[in-house]
file input.pdb (PDB, C-alpha atoms)
ATOM      1  CA  MET A   1     -14.482 -24.663 -61.047
ATOM      2  CA  PRO A   2     -15.406 -26.000 -57.598
ATOM      3  CA  PRO A   3     -16.375 -23.407 -55.007
ATOM      4  CA  VAL A   4     -13.570 -22.530 -52.660
ATOM      5  CA  ALA A   5     -14.548 -22.578 -48.975
ATOM      6  CA  GLU A   6     -13.791 -19.298 -47.298
ATOM      7  CA  PRO A   7     -11.454 -19.663 -44.355
ATOM      8  CA  ALA A   8     -13.119 -19.348 -40.961
ATOM      9  CA  PRO A   9     -12.676 -15.885 -39.464
ATOM     10  CA  LEU A  10      -9.988 -15.683 -36.845
ATOM     11  CA  PRO A  11     -11.267 -15.480 -33.239
ATOM     12  CA  VAL A  12      -9.652 -12.125 -32.580
ATOM     13  CA  ALA A  13     -12.586 -10.724 -30.580
ATOM     14  CA  GLN A  14     -12.605 -13.773 -28.316
ATOM     15  CA  ALA A  15      -8.848 -13.462 -27.850
ATOM     16  CA  ARG A  16      -9.294  -9.833 -26.897
ATOM     17  CA  ALA A  17     -11.759 -10.998 -24.235
ATOM     18  CA  GLY A  18      -9.050 -13.264 -22.798
ATOM     19  CA  ASP A  19     -10.209 -16.580 -24.269
ATOM     20  CA  ALA A  20      -7.210 -18.918 -24.072
ATOM     21  CA  GLU A  21      -8.548 -21.233 -26.775
ATOM     22  CA  ALA A  22      -8.897 -18.300 -29.170
ATOM     23  CA  TRP A  23      -5.288 -17.330 -28.500
ATOM     24  CA  ARG A  24      -4.244 -20.919 -29.113
ATOM     25  CA  VAL A  25      -5.957 -20.848 -32.525
ATOM     26  CA  LEU A  26      -4.268 -17.554 -33.418
ATOM     27  CA  PHE A  27      -0.858 -18.716 -32.284
ATOM     28  CA  ARG A  28      -1.177 -21.998 -34.221
ATOM     29  CA  ARG A  29      -2.165 -20.061 -37.324
ATOM     30  CA  TYR A  30       0.760 -17.635 -37.200
ATOM     31  CA  GLN A  31       3.613 -19.309 -35.326
ATOM     32  CA  LEU A  32       5.236 -20.979 -38.339
ATOM     33  CA  PRO A  33       4.900 -18.020 -40.774
ATOM     34  CA  LEU A  34       6.226 -15.707 -38.057
ATOM     35  CA  TYR A  35       9.147 -17.991 -37.429
ATOM     36  CA  ALA A  36       9.830 -18.263 -41.163
ATOM     37  CA  TYR A  37       9.747 -14.481 -41.525
ATOM     38  CA  LEU A  38      12.038 -13.909 -38.569
ATOM     39  CA  TYR A  39      14.372 -16.647 -39.738
ATOM     40  CA  GLU A  40      14.790 -14.933 -43.092
ATOM     41  CA  LEU A  41      15.859 -11.796 -41.224
ATOM     42  CA  VAL A  42      17.899 -13.207 -38.345
ATOM     43  CA  ARG A  43      19.012 -16.680 -39.498
ATOM     44  CA  HIS A  44      19.482 -18.011 -35.996
ATOM     45  CA  GLU A  45      17.152 -20.667 -34.629
ATOM     46  CA  GLN A  46      17.163 -19.842 -30.909
ATOM     47  CA  THR A  47      17.010 -16.088 -31.513
ATOM     48  CA  CYS A  48      13.995 -16.618 -33.760
ATOM     49  CA  LEU A  49      12.237 -18.722 -31.122
ATOM     50  CA  ASP A  50      12.903 -15.988 -28.560
ATOM     51  CA  LEU A  51      11.564 -13.351 -30.924
ATOM     52  CA  VAL A  52       8.408 -15.381 -31.619
ATOM     53  CA  GLN A  53       7.890 -15.721 -27.876
ATOM     54  CA  ASP A  54       8.387 -11.983 -27.303
ATOM     55  CA  THR A  55       6.003 -11.260 -30.169
ATOM     56  CA  PHE A  56       3.278 -13.451 -28.666
ATOM     57  CA  ILE A  57       3.760 -11.928 -25.209
ATOM     58  CA  ARG A  58       3.418  -8.436 -26.623
ATOM     59  CA  ALA A  59       0.374  -9.475 -28.638
ATOM     60  CA  VAL A  60      -1.437 -10.785 -25.554
ATOM     61  CA  ARG A  61      -0.541  -7.685 -23.561
ATOM     62  CA  HIS A  62      -1.426  -5.152 -26.240
ATOM     63  CA  ILE A  63      -4.348  -6.738 -28.080
ATOM     64  CA  SER A  64      -6.567  -3.893 -26.842
ATOM     65  CA  GLY A  65      -4.555  -1.559 -29.113
ATOM     66  CA  LEU A  66      -5.615  -3.434 -32.264
ATOM     67  CA  ARG A  67      -8.323  -1.387 -33.970
ATOM     68  CA  GLU A  68      -9.353  -3.703 -36.807
ATOM     69  CA  ASP A  69      -9.690  -7.398 -36.073
ATOM     70  CA  ALA A  70      -9.161  -8.150 -39.770
ATOM     71  CA  LYS A  71      -5.674  -6.638 -39.521
ATOM     72  CA  PHE A  72      -4.546  -9.013 -36.782
ATOM     73  CA  GLY A  73      -2.038 -10.715 -39.085
ATOM     74  CA  SER A  74      -0.227  -7.577 -40.202
ATOM     75  CA  TRP A  75      -0.403  -6.236 -36.639
ATOM     76  CA  LEU A  76       1.271  -9.391 -35.322
ATOM     77  CA  PHE A  77       3.961  -9.323 -38.017
ATOM     78  CA  GLY A  78       4.488  -5.650 -37.193
ATOM     79  CA  ILE A  79       5.213  -6.578 -33.585
ATOM     80  CA  ALA A  80       7.617  -9.293 -34.768
ATOM     81  CA  HIS A  81       9.354  -6.793 -37.071
ATOM     82  CA  GLN A  82       9.771  -4.340 -34.191
ATOM     83  CA  GLN A  83      11.162  -7.105 -31.983
ATOM     84  CA  CYS A  84      13.647  -7.889 -34.730
ATOM     85  CA  LEU A  85      14.686  -4.229 -34.998
ATOM     86  CA  GLN A  86      15.218  -4.111 -31.236
ATOM     87  CA  HIS A  87      17.358  -7.227 -31.475
ATOM     88  CA  TRP A  88      19.479  -5.609 -34.160
ATOM     89  CA  ARG A  89      19.791  -2.374 -32.228
ATOM     90  CA  LYS A  90      21.056  -4.289 -29.203
ATOM     91  CA  SER A  91      23.649  -6.019 -31.354
ATOM     92  CA  GLY A  92      24.550  -2.818 -33.253
ATOM     93  CA  ARG A  93      23.343  -4.017 -36.677
ATOM     94  CA  GLU A  94      20.970  -1.217 -37.583
ATOM     95  CA  GLU A  95      22.784  -0.620 -40.879
ATOM     96  CA  LEU A  96      21.078  -3.774 -42.187
ATOM     97  CA  LEU A  97      17.803  -1.893 -42.481
ATOM     98  CA  GLY A  98      18.850   0.657 -45.093
ATOM     99  CA  ASP A  99      18.688   0.390 -48.851
ATOM    100  CA  ASP A 100      18.615   2.934 -51.644
ATOM    101  CA  LEU A 101      16.307   1.945 -54.462
ATOM    102  CA  PRO A 102      14.469   4.152 -56.957
ATOM    103  CA  ASP A 103      10.669   4.200 -56.622
ATOM    104  CA  VAL A 104       8.856   2.098 -59.239
ATOM    105  CA  VAL A 105       5.294   1.150 -60.009
ATOM    106  CA  ALA A 106       4.640  -2.315 -58.611
ATOM    107  CA  GLU A 107       3.507  -5.067 -60.933
ATOM    108  CA  ASP A 108       0.054  -6.383 -60.260
ATOM    109  CA  ASP A 109       0.637 -10.098 -59.909
ATOM    110  CA  GLY A 110      -0.095 -12.324 -56.924
ATOM    111  CA  PRO A 111       2.484 -14.190 -54.862
ATOM    112  CA  ASP A 112       1.323 -17.547 -56.192
ATOM    113  CA  GLU A 113       1.973 -16.555 -59.797
ATOM    114  CA  ILE A 114       5.620 -17.319 -59.363
ATOM    115  CA  LEU A 115       5.812 -21.071 -59.350
ATOM    116  CA  ILE A 116       9.064 -22.713 -58.548
ATOM    117  CA  ARG A 117      10.087 -26.234 -59.368
ATOM    118  CA  SER A 118      11.113 -28.355 -56.406
ATOM    119  CA  GLU A 119      14.661 -28.563 -57.665
ATOM    120  CA  GLN A 120      14.814 -24.762 -57.708
ATOM    121  CA  ALA A 121      13.822 -24.411 -54.031
ATOM    122  CA  ALA A 122      17.379 -24.412 -52.745
ATOM    123  CA  ALA A 123      18.363 -21.770 -55.317
ATOM    124  CA  VAL A 124      15.422 -19.599 -54.272
ATOM    125  CA  ARG A 125      16.425 -19.854 -50.623
ATOM    126  CA  ALA A 126      19.967 -18.927 -51.616
ATOM    127  CA  LEU A 127      18.655 -15.960 -53.573
ATOM    128  CA  LEU A 128      16.622 -14.781 -50.616
ATOM    129  CA  ALA A 129      19.720 -14.967 -48.467
ATOM    130  CA  ARG A 130      21.568 -12.749 -50.952
ATOM    131  CA  LEU A 131      18.899 -10.058 -51.105
ATOM    132  CA  PRO A 132      19.375  -6.993 -48.908
ATOM    133  CA  ILE A 133      17.305  -7.386 -45.736
ATOM    134  CA  PRO A 134      14.748  -4.650 -46.583
ATOM    135  CA  GLN A 135      13.945  -6.314 -49.908
ATOM    136  CA  ARG A 136      13.992  -9.760 -48.365
ATOM    137  CA  SER A 137      11.621  -8.573 -45.665
ATOM    138  CA  VAL A 138       8.959  -7.245 -48.041
ATOM    139  CA  LEU A 139       9.266 -10.232 -50.370
ATOM    140  CA  VAL A 140       8.852 -12.765 -47.551
ATOM    141  CA  LEU A 141       5.854 -10.889 -46.130
ATOM    142  CA  TYR A 142       4.358 -10.763 -49.614
ATOM    143  CA  PHE A 143       4.846 -14.471 -50.184
ATOM    144  CA  LEU A 144       3.979 -15.741 -46.719
ATOM    145  CA  GLU A 145       0.799 -13.837 -46.000
ATOM    146  CA  ASP A 146      -0.146 -12.228 -49.313
ATOM    147  CA  PHE A 147      -0.093  -8.876 -47.544
ATOM    148  CA  SER A 148      -0.979  -5.767 -49.527
ATOM    149  CA  ILE A 149       1.554  -2.978 -50.056
ATOM    150  CA  GLU A 150      -0.196  -1.006 -47.292
ATOM    151  CA  ASP A 151      -0.027  -3.943 -44.905
ATOM    152  CA  ILE A 152       3.655  -4.490 -45.613
ATOM    153  CA  ALA A 153       4.250  -0.771 -45.143
ATOM    154  CA  ARG A 154       2.498  -1.004 -41.774
ATOM    155  CA  VAL A 155       4.543  -4.038 -40.744
ATOM    156  CA  THR A 156       7.912  -2.628 -41.741
ATOM    157  CA  GLY A 157       7.210   1.009 -40.932
ATOM    158  CA  ALA A 158       8.408   2.022 -44.411
ATOM    159  CA  PRO A 159       6.478   4.308 -46.797
ATOM    160  CA  ALA A 160       4.235   2.495 -49.289
ATOM    161  CA  GLY A 161       6.316   3.792 -52.227
ATOM    162  CA  THR A 162       9.470   2.351 -50.715
ATOM    163  CA  VAL A 163       7.745  -0.975 -50.157
ATOM    164  CA  LYS A 164       6.591  -1.027 -53.796
ATOM    165  CA  SER A 165      10.104  -0.359 -54.970
ATOM    166  CA  ARG A 166      11.658  -3.024 -52.751
ATOM    167  CA  LEU A 167       9.067  -5.580 -53.769
ATOM    168  CA  HIS A 168       9.550  -4.819 -57.445
ATOM    169  CA  HIS A 169      13.298  -5.312 -57.291
ATOM    170  CA  ALA A 170      13.036  -8.459 -55.189
ATOM    171  CA  LYS A 171      10.453 -10.045 -57.470
ATOM    172  CA  ARG A 172      12.394  -9.161 -60.575
ATOM    173  CA  ALA A 173      15.463 -10.843 -59.121
ATOM    174  CA  LEU A 174      13.432 -13.909 -58.216
ATOM    175  CA  LYS A 175      11.806 -14.189 -61.632
ATOM    176  CA  LYS A 176      15.155 -13.847 -63.309
ATOM    177  CA  LEU A 177      16.460 -16.654 -61.171
ATOM    178  CA  VAL A 178      13.506 -18.918 -61.938
ATOM    179  CA  LYS A 179      13.930 -18.320 -65.680
ATOM    180  CA  GLU A 180      17.655 -18.807 -65.657
ATOM    181  CA  GLN A 181      17.706 -21.944 -63.536
ATOM    182  CA  PRO A 182      17.599 -25.099 -65.648
TER     183      PRO A 182
ATOM    184  CA  MET B 183       6.329 -30.640 -59.102
ATOM    185  CA  ASN B 184       5.820 -26.914 -58.704
ATOM    186  CA  GLN B 185       5.795 -25.074 -55.414
ATOM    187  CA  THR B 186       4.796 -21.610 -54.392
ATOM    188  CA  PRO B 187       7.345 -19.392 -52.659
ATOM    189  CA  LYS B 188       5.246 -19.764 -49.495
ATOM    190  CA  ASP B 189       5.628 -23.547 -49.601
ATOM    191  CA  ILE B 190       9.369 -23.176 -49.967
ATOM    192  CA  LEU B 191       9.572 -20.691 -47.120
ATOM    193  CA  LEU B 192       7.537 -22.822 -44.730
ATOM    194  CA  GLU B 193       8.655 -26.334 -45.544
ATOM    195  CA  GLN B 194      12.198 -25.850 -44.302
ATOM    196  CA  HIS B 195      10.843 -24.909 -40.848
ATOM    197  CA  GLN B 196       8.281 -27.695 -40.385
ATOM    198  CA  ALA B 197      10.623 -29.357 -37.915
ATOM    199  CA  MET B 198      10.233 -26.344 -35.628
ATOM    200  CA  ALA B 199       6.500 -26.942 -35.136
ATOM    201  CA  ALA B 200       6.889 -28.804 -31.834
ATOM    202  CA  LYS B 201       9.186 -26.127 -30.397
ATOM    203  CA  LEU B 202       6.826 -23.388 -31.539
ATOM    204  CA  ASP B 203       3.902 -25.222 -29.901
ATOM    205  CA  ARG B 204       5.837 -25.217 -26.626
ATOM    206  CA  VAL B 205       6.573 -21.504 -27.000
ATOM    207  CA  SER B 206       2.884 -20.764 -27.623
ATOM    208  CA  GLU B 207       1.707 -22.846 -24.678
ATOM    209  CA  GLY B 208       4.297 -21.232 -22.421
ATOM    210  CA  VAL B 209       3.125 -17.755 -23.392
ATOM    211  CA  LEU B 210      -0.515 -18.723 -22.871
ATOM    212  CA  ALA B 211       0.171 -20.187 -19.443
ATOM    213  CA  ALA B 212       2.274 -17.240 -18.312
ATOM    214  CA  GLU B 213       0.324 -14.352 -19.787
ATOM    215  CA  LEU B 214      -3.265 -15.513 -19.421
ATOM    216  CA  GLY B 215      -2.576 -16.782 -15.900
ATOM    217  CA  ARG B 216      -1.163 -13.362 -15.036
ATOM    218  CA  ARG B 217      -4.153 -11.686 -16.652
ATOM    219  CA  ASP B 218      -6.514 -13.777 -14.464
ATOM    220  CA  LEU B 219      -4.748 -12.458 -11.372
ATOM    221  CA  THR B 220      -5.009  -8.921 -12.665
ATOM    222  CA  THR B 221      -8.687  -9.488 -13.417
ATOM    223  CA  HIS B 222      -9.270 -10.639  -9.851
ATOM    224  CA  LYS B 223      -7.553  -7.512  -8.554
ATOM    225  CA  ASN B 224      -9.636  -5.399 -10.891
ATOM    226  CA  LEU B 225     -12.777  -7.195  -9.724
ATOM    227  CA  ALA B 226     -12.007  -6.396  -6.084
ATOM    228  CA  GLY B 227     -11.356  -2.786  -7.034
ATOM    229  CA  ALA B 228     -14.562  -2.598  -9.033
ATOM    230  CA  MET B 229     -16.564  -4.018  -6.140
ATOM    231  CA  ALA B 230     -15.035  -1.509  -3.737
ATOM    232  CA  GLN B 231     -15.829   1.306  -6.141
ATOM    233  CA  LYS B 232     -19.424   0.084  -6.561
ATOM    234  CA  LEU B 233     -19.841  -0.155  -2.797
ATOM    235  CA  TRP B 234     -18.518   3.362  -2.401
ATOM    236  CA  LEU B 235     -20.722   4.800  -5.162
ATOM    237  CA  GLU B 236     -23.929   2.997  -4.239
ATOM    238  CA  LEU B 237     -23.774   2.764  -0.471
ATOM    239  CA  ILE B 238     -21.526   5.476   0.907
ATOM    240  CA  TRP B 239     -21.610   8.388  -1.555
ATOM    241  CA  PRO B 240     -25.421   8.909  -1.830
ATOM    242  CA  SER B 241     -25.717   9.191   1.983
ATOM    243  CA  ARG B 242     -22.373  10.823   2.533
ATOM    244  CA  ARG B 243     -23.700  13.421   5.017
ATOM    245  CA  ALA B 244     -25.353  10.779   7.152
ATOM    246  CA  TRP B 245     -22.155   8.705   7.082
ATOM    247  CA  ALA B 246     -20.094  11.794   7.932
ATOM    248  CA  GLY B 247     -22.394  12.619  10.864
ATOM    249  CA  LEU B 248     -22.229   9.056  12.062
ATOM    250  CA  ALA B 249     -18.463   9.096  11.751
ATOM    251  CA  ALA B 250     -18.307  12.330  13.776
ATOM    252  CA  VAL B 251     -20.430  10.776  16.502
ATOM    253  CA  TRP B 252     -18.183   7.735  16.512
ATOM    254  CA  VAL B 253     -15.133   9.948  16.804
ATOM    255  CA  VAL B 254     -16.662  11.886  19.714
ATOM    256  CA  LEU B 255     -17.651   8.654  21.434
ATOM    257  CA  ALA B 256     -14.200   7.231  20.913
ATOM    258  CA  VAL B 257     -12.569  10.405  22.293
ATOM    259  CA  VAL B 258     -14.843  10.387  25.319
ATOM    260  CA  HIS B 259     -14.240   6.719  25.872
ATOM    261  CA  PHE B 260     -10.487   7.004  25.684
ATOM    262  CA  ALA B 261     -10.384  10.171  27.768
ATOM    263  CA  GLY B 262     -12.579   8.527  30.423
ATOM    264  CA  SER B 263     -10.532   5.390  30.516
ATOM    265  CA  ARG B 264      -7.343   7.447  30.770
ATOM    266  CA  TYR B 265      -8.811   9.501  33.627
ATOM    267  CA  SER B 266      -9.990   6.429  35.434
ATOM    268  CA  SER B 267      -6.661   4.748  34.975
ATOM    269  CA  GLN B 268      -4.855   7.890  36.197
ATOM    270  CA  SER B 269      -7.190   8.301  39.195
ATOM    271  CA  SER B 270      -6.897   4.743  40.302
ATOM    272  CA  VAL B 271      -6.978   5.368  44.068
ATOM    273  CA  ASN B 272      -4.506   3.995  46.486
ATOM    274  CA  PRO B 273      -6.110   1.198  48.578
ATOM    275  CA  GLN B 274      -4.831   2.860  51.747
ATOM    276  CA  ILE B 275      -6.745   6.019  50.881
ATOM    277  CA  ILE B 276      -9.827   3.946  50.205
ATOM    278  CA  ALA B 277      -9.426   2.238  53.585
ATOM    279  CA  ALA B 278      -8.951   5.608  55.330
ATOM    280  CA  ASN B 279     -12.049   6.980  53.635
ATOM    281  CA  TRP B 280     -13.950   3.906  54.588
ATOM    282  CA  ARG B 281     -12.897   4.252  58.223
ATOM    283  CA  GLU B 282     -13.859   7.924  58.198
ATOM    284  CA  GLN B 283     -17.262   7.038  56.769
ATOM    285  CA  GLU B 284     -17.697   4.398  59.478
ATOM    286  CA  GLN B 285     -16.768   6.868  62.136
ATOM    287  CA  LEU B 286     -19.220   9.437  60.839
ATOM    288  CA  PHE B 287     -21.914   6.821  60.671
ATOM    289  CA  ALA B 288     -21.185   5.727  64.219
ATOM    290  CA  GLU B 289     -21.347   9.315  65.444
ATOM    291  CA  LEU B 290     -24.654   9.820  63.719
ATOM    292  CA  LEU B 291     -26.019   6.665  65.299
ATOM    293  CA  SER B 292     -24.890   7.675  68.795
ATOM    294  CA  GLU B 293     -26.442  11.122  68.451
ATOM    295  CA  HIS B 294     -29.684   9.556  67.319
ATOM    296  CA  SER B 295     -29.779   7.142  70.266
ATOM    297  CA  THR B 296     -29.146  10.029  72.722
ATOM    298  CA  ILE B 297     -32.094  11.928  71.307
ATOM    299  CA  LEU B 298     -34.310   8.863  71.593
ATOM    300  CA  ALA B 299     -33.276   8.316  75.237
ATOM    301  CA  LYS B 300     -34.428  11.845  76.444
ATOM    302  CA  PRO B 301     -38.133  11.999  77.938
ATOM    303  CA  GLN B 302     -40.432  13.840  75.670
ATOM    304  CA  ALA B 303     -42.976  16.473  76.981
ATOM    305  CA  PRO B 304     -46.671  15.588  76.235
ATOM    306  CA  ALA B 305     -47.895  17.375  73.302
ATOM    307  CA  ALA B 306     -50.589  20.034  73.820
ATOM    308  CA  PRO B 307     -53.984  19.018  72.468
ATOM    309  CA  PRO B 308     -54.998  20.778  69.402
ATOM    310  CA  PRO B 309     -57.435  23.647  69.813
ATOM    311  CA  PRO B 310     -61.095  22.800  69.147
ATOM    312  CA  LEU B 311     -62.530  23.831  65.938
ATOM    313  CA  GLY B 312     -64.076  27.240  65.762
ATOM    314  CA  THR B 313     -62.409  28.506  68.961
ATOM    315  CA  SER B 314     -60.243  31.532  68.962
ATOM    316  CA  ALA B 315     -56.742  31.357  70.073
ATOM    317  CA  LEU B 316     -57.418  34.414  72.254
ATOM    318  CA  TRP B 317     -59.651  32.404  74.611
ATOM    319  CA  PRO B 318     -57.737  29.717  76.583
ATOM    320  CA  THR B 319     -59.471  26.379  77.035
ATOM    321  CA  GLU B 320     -59.483  26.450  80.941
ATOM    322  CA  GLU B 321     -61.375  29.767  81.005
ATOM    323  CA  LYS B 322     -64.010  28.406  78.707
ATOM    324  CA  THR B 323     -64.507  25.369  80.973
ATOM    325  CA  ALA B 324     -64.785  27.556  84.175
ATOM    326  CA  CYS B 325     -67.442  29.722  82.637
ATOM    327  CA  ALA B 326     -69.481  26.685  81.840
TER     328      ALA B 326
END
call {"tool": "encode", "arguments": {"input": "input.pdb", "output": "structure tokens"}}
result
Amino acid sequence: MPPVAEPAPLPVAQARAGDAEAWRVLFRRYQLPLYAYLYELVRHEQTCLDLVQDTFIRAVRHISGLREDAKFGSWLFGIAHQQCLQHWRKSGREELLGDDLPDVVAEDDGPDEILIRSEQAAAVRALLARLPIPQRSVLVLYFLEDFSIEDIARVTGAPAGTVKSRLHHAKRALKKLVKEQP
Amino acid sequence: MNQTPKDILLEQHQAMAAKLDRVSEGVLAAELGRRDLTTHKNLAGAMAQKLWLELIWPSRRAWAGLAAVWVVLAVVHFAGSRYSSQSSVNPQIIAANWREQEQLFAELLSEHSTILAKPQAPAAPPPPLGTSALWPTEEKTACA
């Protein structure tokens, strides 16, 4: 098996020092996953662009509050999640955040273990759209950034047990879909 | 061909890359430009603080004394200038004073010339050394 090159560490310290090039690298790395995450929650192109912009502005202004440079990704997604909640509060859609699922023990498989055939992609997107937003949120974070349960809990502000439960139900639904689809 | 869920999630938004680049660049220009201004303000503040701590504060008593002297000098200066501006004398009074001074001077001169004009009596010769004042000079000559 060929050795896998480790990804270069993100220039978070340089960004904290106000290095514009470092910020550019960070933004390029996260802009599309952030947009994809927000799109799964909001499903409106211009609103998502606005939320990405607000997220980046807040990140630049509050980078001094980030304690661990390695957690930059989950910190940034946490800001985006908060921006999304604010957007929903303004439009009176806070009820979208609630779900009522029993706690379960999460399965220990990685996000890449679920492989989807190209012809199933549309069905997967449709499934995501049908999932309640809290489950959709944890599943998308899990798939996009391979965040741990703790990271997802930090991003969404939900307890780790709740995140486990939501992720379990979302993954089970996805696997069922992949198996059932011809 | 198989795809991961991440591929599926990202591929549908690839067309947004250009717009997201513009958003990122806009944020960088706005926020980091603003931060530069703030940094400049902070720099000026830091320099002022350093100046205060290193130059003024260690010699604060000397600076306070100097400031007190300056205040006293300023008060004296302004009080003096106010007095002089208030006591700016009328030119007529100056002219009257001048005439009075001239008159006094003229009187003094005339008195002096009168004194000089009077004949002066010859001064008595000084007594010889060792002679008593009790014995007049004529008597001493006659005896001889």
call {"tool": "residues_around", "arguments": {"input": "input.pdb", "residues": "Glu40 of chain A", "least_positions_apart": "4", "cutoff": "9 Å", "atoms": "all atoms listed in the file", "output": "PyMOL selection string"}}
result
(chain A and resi 35-36+128-129+133+136-137+140) or (chain B and resi 191)
call {"tool": "atom_distance", "arguments": {"input": "input.pdb", "atom1": "atom CA of Ala70 of chain A", "atom2": "atom CA of Asp151 of chain A"}}
result
11.3 Å
call {"tool": "interface_residues", "arguments": {"input": "input.pdb", "of": "chain B", "to": "chain A", "cutoff": "12 Å", "atoms": "only C-alpha atoms", "output": "mmCIF file with C-alpha atoms, in the frame of the given file"}}
result
data_model
loop_
_atom_site.group_PDB
_atom_site.id
_atom_site.type_symbol
_atom_site.label_atom_id
_atom_site.label_comp_id
_atom_site.auth_asym_id
_atom_site.auth_seq_id
_atom_site.Cartn_x
_atom_site.Cartn_y
_atom_site.Cartn_z
ATOM 1 C CA MET B 183 6.329 -30.640 -59.102
ATOM 2 C CA ASN B 184 5.820 -26.914 -58.704
ATOM 3 C CA GLN B 185 5.795 -25.074 -55.414
ATOM 4 C CA THR B 186 4.796 -21.610 -54.392
ATOM 5 C CA PRO B 187 7.345 -19.392 -52.659
ATOM 6 C CA LYS B 188 5.246 -19.764 -49.495
ATOM 7 C CA ASP B 189 5.628 -23.547 -49.601
ATOM 8 C CA ILE B 190 9.369 -23.176 -49.967
ATOM 9 C CA LEU B 191 9.572 -20.691 -47.120
ATOM 10 C CA LEU B 192 7.537 -22.822 -44.730
ATOM 11 C CA GLU B 193 8.655 -26.334 -45.544
ATOM 12 C CA GLN B 194 12.198 -25.850 -44.302
ATOM 13 C CA HIS B 195 10.843 -24.909 -40.848
ATOM 14 C CA GLN B 196 8.281 -27.695 -40.385
ATOM 15 C CA ALA B 197 10.623 -29.357 -37.915
ATOM 16 C CA MET B 198 10.233 -26.344 -35.628
ATOM 17 C CA ALA B 199 6.500 -26.942 -35.136
ATOM 18 C CA ALA B 200 6.889 -28.804 -31.834
ATOM 19 C CA LYS B 201 9.186 -26.127 -30.397
ATOM 20 C CA LEU B 202 6.826 -23.388 -31.539
ATOM 21 C CA ASP B 203 3.902 -25.222 -29.901
ATOM 22 C CA ARG B 204 5.837 -25.217 -26.626
ATOM 23 C CA VAL B 205 6.573 -21.504 -27.000
ATOM 24 C CA SER B 206 2.884 -20.764 -27.623
ATOM 25 C CA GLU B 207 1.707 -22.846 -24.678
ATOM 26 C CA GLY B 208 4.297 -21.232 -22.421
ATOM 27 C CA VAL B 209 3.125 -17.755 -23.392
ATOM 28 C CA LEU B 210 -0.515 -18.723 -22.871
ATOM 29 C CA ALA B 211 0.171 -20.187 -19.443
ATOM 30 C CA ALA B 212 2.274 -17.240 -18.312
ATOM 31 C CA GLU B 213 0.324 -14.352 -19.787
ATOM 32 C CA LEU B 214 -3.265 -15.513 -19.421
ATOM 33 C CA GLY B 215 -2.576 -16.782 -15.900
ATOM 34 C CA ARG B 216 -1.163 -13.362 -15.036
ATOM 35 C CA ARG B 217 -4.153 -11.686 -16.652
ATOM 36 C CA ASP B 218 -6.514 -13.777 -14.464
ATOM 37 C CA THR B 220 -5.009 -8.921 -12.665
ATOM 38 C CA THR B 221 -8.687 -9.488 -13.417
#
call {"tool": "atom_distance", "arguments": {"input": "input.pdb", "atom1": "atom CA of Gly161 of chain A", "atom2": "atom CA of Ala126 of chain A"}}
result
26.5 Å
call {"tool": "atom_distance", "arguments": {"input": "input.pdb", "atom1": "atom CA of Gly73 of chain A", "atom2": "atom CA of Val25 of chain A"}}
result
12.7 Å
call {"tool": "residues_around", "arguments": {"input": "input.pdb", "residues": "Ala153 of chain A", "least_positions_apart": "6", "cutoff": "9 Å", "atoms": "only C-alpha atoms", "output": "JSON list (two decimals) with C-alpha atoms, in the coordinates of the input"}}
result
[["chain", "number", "residue", "atom", "x", "y", "z"],
["A", 138, "VAL", "CA", 8.96, -7.24, -48.04],
["A", 159, "PRO", "CA", 6.48, 4.31, -46.80],
["A", 160, "ALA", "CA", 4.24, 2.50, -49.29],
["A", 161, "GLY", "CA", 6.32, 3.79, -52.23],
["A", 162, "THR", "CA", 9.47, 2.35, -50.72],
["A", 163, "VAL", "CA", 7.74, -0.98, -50.16],
["A", 164, "LYS", "CA", 6.59, -1.03, -53.80]]
call {"tool": "residues_around", "arguments": {"input": "input.pdb", "residues": "segment 65-69 of chain A", "least_positions_apart": "2", "cutoff": "12 Å", "atoms": "only C-alpha atoms", "output": "PDB file with C-alpha atoms, keeping the file's coordinate frame"}}
result
ATOM      1  CA  PRO A   9     -12.676 -15.885 -39.464  1.00  0.00           C
ATOM      2  CA  LEU A  10      -9.988 -15.683 -36.845  1.00  0.00           C
ATOM      3  CA  PRO A  11     -11.267 -15.480 -33.239  1.00  0.00           C
ATOM      4  CA  VAL A  12      -9.652 -12.125 -32.580  1.00  0.00           C
ATOM      5  CA  ALA A  13     -12.586 -10.724 -30.580  1.00  0.00           C
ATOM      6  CA  GLN A  14     -12.605 -13.773 -28.316  1.00  0.00           C
ATOM      7  CA  ALA A  15      -8.848 -13.462 -27.850  1.00  0.00           C
ATOM      8  CA  ARG A  16      -9.294  -9.833 -26.897  1.00  0.00           C
ATOM      9  CA  LEU A  26      -4.268 -17.554 -33.418  1.00  0.00           C
ATOM     10  CA  ARG A  58       3.418  -8.436 -26.623  1.00  0.00           C
ATOM     11  CA  ALA A  59       0.374  -9.475 -28.638  1.00  0.00           C
ATOM     12  CA  VAL A  60      -1.437 -10.785 -25.554  1.00  0.00           C
ATOM     13  CA  ARG A  61      -0.541  -7.685 -23.561  1.00  0.00           C
ATOM     14  CA  HIS A  62      -1.426  -5.152 -26.240  1.00  0.00           C
ATOM     15  CA  ILE A  63      -4.348  -6.738 -28.080  1.00  0.00           C
ATOM     16  CA  LYS A  71      -5.674  -6.638 -39.521  1.00  0.00           C
ATOM     17  CA  PHE A  72      -4.546  -9.013 -36.782  1.00  0.00           C
ATOM     18  CA  GLY A  73      -2.038 -10.715 -39.085  1.00  0.00           C
ATOM     19  CA  SER A  74      -0.227  -7.577 -40.202  1.00  0.00           C
ATOM     20  CA  TRP A  75      -0.403  -6.236 -36.639  1.00  0.00           C
ATOM     21  CA  LEU A  76       1.271  -9.391 -35.322  1.00  0.00           C
ATOM     22  CA  GLY A  78       4.488  -5.650 -37.193  1.00  0.00           C
ATOM     23  CA  ILE A  79       5.213  -6.578 -33.585  1.00  0.00           C
TER      24      ILE A  79
END
